file run12.cif (mmCIF, C-alpha atoms)
data_final
loop_
_atom_site.label_atom_id
_atom_site.label_comp_id
_atom_site.auth_asym_id
_atom_site.auth_seq_id
_atom_site.Cartn_x
_atom_site.Cartn_y
_atom_site.Cartn_z
CA MET A 279 0.00 0.00 0.00
CA LYS A 280 1.37 3.38 -0.93
CA ASN A 281 1.60 6.03 1.81
CA ARG A 282 -0.38 8.96 0.59
CA LYS A 283 0.92 12.33 1.53
CA ILE A 284 -1.35 15.33 1.74
CA ALA A 285 0.57 18.29 0.46
CA MET A 286 -0.40 21.88 0.00
CA GLY A 287 -0.18 23.03 -3.55
CA PRO A 288 1.47 26.30 -4.50
CA GLY A 289 -0.82 29.27 -3.84
CA ALA A 290 -3.14 27.46 -1.43
CA ALA A 291 -1.83 29.43 1.54
CA SER A 292 -2.32 32.71 -0.31
CA LEU A 293 -5.84 31.71 -1.22
CA ILE A 294 -6.66 30.91 2.39
CA LEU A 295 -5.13 34.23 3.45
CA ILE A 296 -7.27 36.16 0.99
CA VAL A 297 -10.46 34.43 2.09
CA VAL A 298 -9.73 34.93 5.80
CA THR A 299 -8.70 38.58 5.33
CA LEU A 300 -11.80 39.39 3.31
CA SER A 301 -14.07 37.76 5.90
CA LEU A 302 -12.42 39.63 8.75
CA CYS A 303 -12.66 42.91 6.86
CA VAL A 304 -16.36 42.43 6.22
CA LEU A 305 -16.95 41.53 9.88
CA THR A 306 -15.00 44.57 11.04
CA MET A 307 -16.88 46.94 8.77
CA LEU A 308 -20.22 45.55 9.93
CA THR A 309 -19.19 45.99 13.56
CA LEU A 310 -18.08 49.57 12.96
CA ILE A 311 -21.23 50.48 11.03
CA SER A 312 -23.43 48.98 13.75
CA ALA A 313 -21.59 50.85 16.52
CA ARG A 314 -21.77 54.13 14.57
CA ASN A 315 -25.50 53.71 14.00
CA ASP A 316 -26.06 53.05 17.71
CA GLU A 317 -24.10 56.18 18.59
CA ASN A 318 -26.01 58.31 16.08
CA LEU A 319 -29.32 57.03 17.39
CA SER A 320 -28.31 57.82 20.98
CA LEU A 321 -27.23 61.33 19.99
CA ARG A 322 -30.48 61.91 18.10
CA SER A 323 -32.47 60.77 21.14
CA THR A 324 -30.44 63.14 23.31
CA ARG A 325 -31.19 66.11 21.07
CA MET A 326 -34.91 65.31 20.93
CA ILE A 327 -35.21 64.90 24.68
CA GLU A 328 -33.35 68.19 25.26
CA GLN A 329 -35.77 69.94 22.91
CA VAL A 330 -38.80 68.47 24.68
CA TYR A 331 -37.54 69.56 28.09
CA THR A 332 -36.78 73.02 26.72
CA LEU A 333 -40.41 73.19 25.55
CA PHE A 334 -41.67 72.31 29.02
CA ALA A 335 -39.31 74.89 30.54
CA ARG A 336 -40.64 77.54 28.15
CA SER A 337 -44.22 76.77 29.16
CA GLU A 338 -43.36 77.39 32.80
CA GLN A 339 -41.78 80.71 31.82
CA GLU A 340 -44.97 81.59 29.92
CA MET A 341 -46.90 80.72 33.06
CA ALA A 342 -44.77 83.19 35.04
CA ARG A 343 -45.43 85.86 32.43
CA LEU A 344 -49.15 85.13 32.56
CA ASP A 345 -49.15 85.37 36.35
CA GLU A 346 -48.05 89.02 36.17
CA VAL A 347 -51.09 89.71 33.97
CA LEU A 348 -53.40 87.90 36.36
CA ILE A 349 -52.08 89.72 39.44
CA GLN A 350 -52.56 93.09 37.75
CA ALA A 351 -56.03 92.11 36.49
CA ARG A 352 -57.05 91.06 40.01
CA LYS A 353 -55.92 94.41 41.40
CA ASP A 354 -57.88 96.30 38.73
CA SER A 355 -61.09 94.26 38.90
CA ASP A 356 -63.83 93.91 41.44
CA SER A 357 -65.85 91.18 39.78
CA TRP A 358 -65.15 87.91 38.05
CA GLU A 359 -66.46 89.19 34.71
CA SER A 360 -64.33 92.33 34.75
CA TYR A 361 -61.37 90.21 35.82
CA LEU A 362 -61.83 87.94 32.79
CA GLU A 363 -62.17 90.96 30.55
CA ALA A 364 -58.99 92.50 31.93
CA VAL A 365 -57.16 89.18 31.49
CA GLU A 366 -58.32 88.77 27.90
CA LYS A 367 -57.27 92.30 27.08
CA ASN A 368 -53.74 91.81 28.36
CA LEU A 369 -53.13 88.20 27.36
CA PRO A 370 -49.63 87.53 25.97
CA ASP A 371 -49.41 86.70 22.25
CA GLY A 372 -50.39 83.20 21.27
CA MET A 373 -52.71 82.60 24.23
CA THR A 374 -56.49 82.41 24.09
CA LEU A 375 -59.08 82.69 26.83
CA ALA A 376 -62.17 80.51 26.82
CA GLU A 377 -64.42 80.88 29.88
CA ASP A 378 -61.97 80.40 32.76
CA ARG A 379 -59.30 78.56 30.78
CA ILE A 380 -56.28 79.97 29.02
CA SER A 381 -54.68 77.80 26.38
CA TRP A 382 -51.74 77.88 24.02
CA ASN A 383 -49.63 75.48 21.98
CA ASP A 384 -45.88 75.36 21.53
CA PRO A 385 -44.82 73.54 18.35
CA LEU A 386 -41.74 71.36 17.86
CA ASP A 387 -41.32 69.51 14.52
CA ASN A 388 -44.19 67.02 14.24
CA ARG A 389 -45.25 67.43 17.87
CA TYR A 390 -46.48 70.21 20.10
CA LEU A 391 -46.90 71.01 23.76
CA GLU A 392 -50.55 71.53 24.69
CA CYS A 393 -50.93 73.92 27.62
CA VAL A 394 -54.20 74.74 29.33
CA ILE A 395 -54.40 76.71 32.56
CA ARG A 396 -57.48 77.08 34.70
CA LEU A 397 -58.04 80.41 36.44
CA LEU A 398 -58.76 80.10 40.13
CA PRO A 399 -61.49 82.12 41.86
CA PHE A 400 -60.83 85.43 43.55
CA GLU A 401 -60.96 83.90 47.01
CA ASP A 402 -58.04 81.62 46.22
CA GLU A 403 -54.66 83.05 47.05
CA LYS A 404 -53.16 81.41 43.99
CA ARG A 405 -54.20 82.60 40.56
CA MET A 406 -54.09 79.53 38.33
CA THR A 407 -53.36 75.86 38.06
CA TRP A 408 -52.31 73.52 35.27
CA GLU A 409 -55.21 71.67 33.68
CA ILE A 410 -53.49 70.20 30.63
CA HIS A 411 -49.72 70.10 30.17
CA ARG A 412 -48.76 67.39 27.70
CA LEU A 413 -46.76 66.67 24.58
CA ILE A 414 -48.83 65.62 21.57
CA VAL A 415 -47.17 63.77 18.70
CA GLU A 416 -48.79 64.08 15.31
CA GLU A 417 -48.32 60.71 13.67
CA PRO A 418 -47.81 60.99 9.91
CA GLU A 419 -50.62 59.48 7.90
CA ASP A 420 -49.79 56.20 6.22
CA ASP A 421 -49.63 56.71 2.50
CA TRP A 422 -50.09 53.05 1.74
CA GLU A 423 -52.85 50.59 2.43
CA TRP A 424 -53.14 46.87 2.38
CA SER A 425 -54.88 45.93 -0.88
CA MET B 50 16.03 18.30 -5.84
CA LYS B 51 12.77 19.34 -7.31
CA ASN B 52 10.98 18.44 -4.08
CA ARG B 53 13.42 20.49 -2.07
CA SER B 54 12.90 23.59 -4.18
CA ARG B 55 9.13 23.14 -3.93
CA ALA B 56 9.41 22.89 -0.18
CA ASN B 57 11.52 26.05 -0.07
CA ALA B 58 9.00 27.93 -2.21
CA LEU B 59 6.18 26.79 0.03
CA LEU B 60 8.03 27.93 3.15
CA ILE B 61 8.71 31.34 1.67
CA GLU B 62 5.10 31.67 0.61
CA LEU B 63 3.93 30.76 4.12
CA LEU B 64 6.29 33.31 5.63
CA ILE B 65 4.98 36.06 3.37
CA VAL B 66 1.40 35.05 4.14
CA ILE B 67 2.05 35.18 7.88
CA ILE B 68 3.74 38.59 7.70
CA PHE B 69 0.94 40.01 5.56
CA PHE B 70 -1.66 38.58 7.93
CA MET B 71 0.10 40.24 10.86
CA PHE B 72 -0.14 43.68 9.27
CA VAL B 73 -3.77 43.17 8.35
CA SER B 74 -4.72 41.93 11.80
CA VAL B 75 -3.10 44.95 13.50
CA THR B 76 -5.33 47.27 11.44
CA LEU B 77 -8.42 45.17 12.05
CA VAL B 78 -7.82 45.02 15.80
CA GLU B 79 -7.63 48.84 15.87
CA VAL B 80 -10.93 49.10 14.04
CA PHE B 81 -12.55 46.57 16.37
CA SER B 82 -11.25 48.57 19.32
CA ALA B 83 -12.76 51.79 17.90
CA SER B 84 -16.10 50.02 17.43
CA ARG B 85 -16.06 48.84 21.02
CA THR B 86 -15.30 52.36 22.27
CA LYS B 87 -18.21 53.76 20.27
CA SER B 88 -20.49 51.04 21.56
CA ILE B 89 -19.53 51.76 25.18
CA SER B 90 -20.05 55.50 24.58
CA SER B 91 -23.56 54.80 23.23
CA GLN B 92 -24.35 52.77 26.33
CA TYR B 93 -23.26 55.63 28.57
CA ILE B 94 -25.35 58.11 26.59
CA SER B 95 -28.45 55.90 26.82
CA ARG B 96 -28.02 55.41 30.56
CA ALA B 97 -27.31 59.10 31.09
CA ILE B 98 -30.52 60.03 29.24
CA LEU B 99 -32.66 57.84 31.50
CA ASP B 100 -30.85 58.94 34.64
CA ALA B 101 -31.03 62.65 33.84
CA GLN B 102 -34.73 62.40 32.95
CA ASN B 103 -35.44 60.62 36.21
CA VAL B 104 -33.58 63.28 38.21
CA ALA B 105 -35.30 66.12 36.32
CA GLU B 106 -38.76 64.67 36.96
CA VAL B 107 -38.08 64.07 40.67
CA LEU B 108 -36.72 67.59 41.12
CA TYR B 109 -39.68 69.13 39.27
CA GLY B 110 -42.08 67.69 41.83
CA ALA B 111 -39.91 68.32 44.86
CA GLU B 112 -40.75 71.12 47.26
CA GLN B 113 -37.29 71.16 48.85
CA THR B 114 -34.57 70.79 46.23
CA GLU B 115 -31.74 70.02 48.62
CA ASP B 116 -33.62 67.23 50.39
CA ALA B 117 -34.57 65.68 47.05
CA LEU B 118 -31.00 65.85 45.81
CA GLN B 119 -29.66 64.23 48.96
CA GLU B 120 -32.22 61.46 48.67
CA LEU B 121 -31.13 60.84 45.10
CA GLY B 122 -27.54 60.48 46.27
CA PHE B 123 -26.13 63.81 45.14
CA SER B 124 -23.45 65.56 47.14
CA PRO B 125 -22.67 69.31 47.19
CA ASP B 126 -19.72 70.42 45.09
CA GLY B 127 -19.33 74.19 45.27
CA GLU B 128 -22.42 75.73 43.72
CA GLU B 129 -23.51 72.46 42.14
CA TRP B 130 -24.61 69.05 43.29
CA THR B 131 -22.88 66.08 41.69
CA LEU B 132 -23.40 62.35 41.49
CA ASN B 133 -20.79 59.97 40.10
CA ARG B 134 -22.11 57.16 37.96
CA ASP B 135 -20.31 54.43 36.08
CA GLY B 136 -18.92 56.22 33.04
CA TYR B 137 -20.43 59.66 33.55
CA VAL B 138 -21.15 62.32 36.14
CA LEU B 139 -24.52 63.98 36.78
CA SER B 140 -24.55 67.52 38.09
CA VAL B 141 -27.41 69.81 39.07
CA SER B 142 -27.28 73.59 39.38
CA GLU B 143 -30.11 75.74 40.67
CA LEU B 144 -31.24 79.22 39.74
CA ALA B 145 -34.18 80.92 41.41
CA GLU B 146 -35.60 84.07 39.80
CA GLU B 147 -38.02 86.17 41.81
CA GLN B 148 -41.07 87.16 39.79
CA ALA B 149 -44.00 89.37 40.64
CA GLY B 150 -46.21 86.50 41.69
CA GLY B 151 -43.75 83.79 42.64
CA VAL B 152 -40.40 82.15 42.02
CA LEU B 153 -39.22 80.68 38.73
CA ARG B 154 -37.02 77.81 39.82
CA THR B 155 -34.65 76.51 37.15
CA LEU B 156 -32.71 73.33 37.81
CA THR B 157 -30.24 72.32 35.12
CA VAL B 158 -29.33 68.63 35.04
CA THR B 159 -26.10 67.96 33.14
CA ALA B 160 -24.53 64.62 32.28
CA LYS B 161 -20.81 64.68 31.49
CA GLU B 162 -18.47 61.97 30.32
CA LYS B 163 -15.01 63.19 31.37
CA ASP B 164 -14.96 66.67 29.75
CA ARG B 165 -17.63 65.97 27.17
CA VAL B 166 -21.18 67.14 27.88
CA LEU B 167 -23.58 64.32 26.98
CA LEU B 168 -26.83 66.21 27.61
CA THR B 169 -28.32 69.13 29.49
CA LEU B 170 -31.92 69.06 30.70
CA PRO B 171 -33.66 72.10 32.17
CA SER B 172 -36.22 71.41 34.87
CA VAL B 173 -38.16 74.64 35.31
CA ARG B 174 -41.07 75.15 37.66
CA TYR B 175 -42.98 78.30 38.47
CA LEU B 176 -43.89 78.34 42.16
CA GLN B 177 -46.74 80.77 42.73
CA LYS B 178 -46.56 82.92 45.84
CA GLU B 179 -49.75 83.35 47.79
CA VAL B 180 -50.94 86.89 47.18
CA ALA B 181 -53.73 88.13 49.36
CA PRO B 182 -56.79 88.83 47.24
#
call {"tool": "encode", "arguments": {"input": "run12.cif", "output": "structure tokens"}}
result
Amino acid sequence: MKNRKIAMGPGAASLILIVVTLSLCVLTMLTLISARNDENLSLRSTRMIEQVYTLFARSEQEMARLDEVLIQARKDSDSWESYLEAVEKNLPDGMTLAEDRISWNDPLDNRYLECVIRLLPFEDEKRMTWEIHRLIVEEPEDDWEWS
Amino acid sequence: MKNRSRANALLIELLIVIIFFMFVSVTLVEVFSASRTKSISSQYISRAILDAQNVAEVLYGAEQTEDALQELGFSPDGEEWTLNRDGYVLSVSELAEEQAGGVLRTLTVTAKEKDRVLLTLPSVRYLQKEVAP
């Protein structure tokens, strides 16, 4: 019986090297792309959350501005109706008065902050309280349908 | 003789292959290392977002800022309060502006990774003063 020897032909090692190198390169690129996408997504989330919190902060500042109007209106009025009239006359831009509720919206891309404040009666030492203070996201309409 | 020269050629080829593979693997290891760093950074950012949001919400509802900060584990550091987390540091600074009818309390929650600011969240609340009717 002849002893068979298994020998590597010329170029086999180079071929194996090429295959292994290409595979590792592809794996490396996929890893890098995946990590970059994760980082970009995290940074996008960060920016969006900062914007949302800035919106909420702005609404509180608007509330402070409104309070000055309410305090002055209370000083100048002796009845609820005249108080509401004085408030409506001096409302900051963008706000609307409906009965005893003042509302405004603060937009941000495809969402907005809905703010509604309820005016408290004269006897109350505070002037207002939050009734609605929430972020509303306007979902885009689907432009396709299942057939 | 022929076999010997074939063996020599094969050895040389293997040597070249090994050297080439060494250079390639050094580059690839660097790229893998960069990917891992980015991945760890993303993890820190995600955790910092949740942490900072949690702190901002707790402080918004708190009547006494200092008590709330101590309960959350913050410690005073000059004019700020700081909390060391794994990979980043949370800090809170307070600003109180007197208004006609109350106090506009602004608490800024910042997450920093070494010298890099990851995010800054403002937690603003208008505290109405009781004004006699």
call {"tool": "atom_distance", "arguments": {"input": "run12.cif", "atom1": "CA of Phe72 (chain B)", "atom2": "CA of Thr299 (chain A)"}}
result
10.7 Å
call {"tool": "residues_around", "arguments": {"input": "run12.cif", "residues": "region 350-355 of chain A", "least_positions_apart": "5", "cutoff": "8 Å", "atoms": "only C-alpha atoms", "output": "list in words"}}
result
Ser360, Tyr361, Ala364, Val365 and Phe400 of chain A; Pro182 of chain B
call {"tool": "resolve_selection", "arguments": {"input": "run12.cif", "expression": "the PyMOL selection byres ((chain B) within 6 of (chain A))", "output": "list of chain:residue names"}}
result
B:Ser84, B:Lys87, B:Ser88, B:Ser91, B:Leu170, B:Val173, B:Arg174, B:Tyr175, B:Glu179, B:Val180, B:Ala181
call {"tool": "closest_residue", "arguments": {"input": "run12.cif", "among": "A:Leu375, A:Leu369, A:Glu416, A:Leu300", "to": "Leu391 (chain A)", "atoms": "all atoms listed in the file"}}
result
A:Glu416
call {"tool": "resolve_selection", "arguments": {"input": "run12.cif", "expression": "the PyMOL selection byres ((chain B and resi 96) around 12)", "output": "VMD selection string"}}
result
(chain A and resid 320 323 to 324) or (chain B and resid 89 to 95 97 to 103 134 to 139 160 to 162 167 to 168)
call {"tool": "residues_near_point", "arguments": {"input": "run12.cif", "point": "(-27.6, 71.0, 40.2)", "cutoff": "6 Å", "atoms": "all atoms listed in the file", "output": "PyMOL selection string"}}
result
chain B and resi 129-130+140-143+157-158
call {"tool": "residues_around", "arguments": {"input": "run12.cif", "residues": "Ala376 (chain A)", "least_positions_apart": "3", "cutoff": "10 Å", "atoms": "all atoms listed in the file", "output": "PDB file with C-alpha atoms, keeping the file's coordinate frame"}}
result
ATOM      1  CA  LEU A 362     -61.830  87.940  32.790  1.00  0.00           C
ATOM      2  CA  GLU A 366     -58.320  88.770  27.900  1.00  0.00           C
ATOM      3  CA  ARG A 379     -59.300  78.560  30.780  1.00  0.00           C
ATOM      4  CA  ILE A 380     -56.280  79.970  29.020  1.00  0.00           C
ATOM      5  CA  SER A 381     -54.680  77.800  26.380  1.00  0.00           C
ATOM      6  CA  ARG A 396     -57.480  77.080  34.700  1.00  0.00           C
TER       7      ARG A 396
END
call {"tool": "atom_distance", "arguments": {"input": "run12.cif", "atom1": "CA of Asp387 (chain A)", "atom2": "CA of Arg322 (chain A)"}}
result
13.7 Å
call {"tool": "atom_distance", "arguments": {"input": "run12.cif", "atom1": "CA of Leu59 (chain B)", "atom2": "CA of Val78 (chain B)"}}
result
27.9 Å
call {"tool": "axis_aligned_box", "arguments": {"input": "run12.cif", "around": "region 370-387 of chain A", "padding_each_side": "5 Å", "output": "JSON"}}
result
{"center_x": -52.9, "center_y": 78.5, "center_z": 23.6, "size_x": 33.1, "size_y": 28.0, "size_z": 28.2}
call {"tool": "residues_around", "arguments": {"input": "run12.cif", "residues": "Ser172 (chain B)", "least_positions_apart": "5", "cutoff": "6 Å", "atoms": "all atoms listed in the file", "output": "list in words"}}
result
Ala105, Thr155 and Leu156 of chain B
call {"tool": "closest_residue", "arguments": {"input": "run12.cif", "among": "A:Lys367, A:Asp356, A:Arg412, A:Thr374", "to": "Arg389 (chain A)", "atoms": "only C-alpha atoms"}}
result
A:Arg412
call {"tool": "residues_near_point", "arguments": {"input": "run12.cif", "point": "(-34.8, 62.8, 43.1)", "cutoff": "9 Å", "atoms": "only C-alpha atoms", "output": "list of chain:residue names"}}
result
B:Asn103, B:Val104, B:Ala105, B:Glu106, B:Val107, B:Leu108, B:Tyr109, B:Gly110, B:Ala111, B:Thr114, B:Asp116, B:Ala117, B:Leu118, B:Gln119, B:Glu120, B:Leu121, B:Gly122, B:Phe123
call {"tool": "closest_residue", "arguments": {"input": "run12.cif", "among": "A:Leu397, A:Met373, A:Ile410, A:Val415", "to": "Pro385 (chain A)", "atoms": "only C-alpha atoms"}}
result
A:Val415
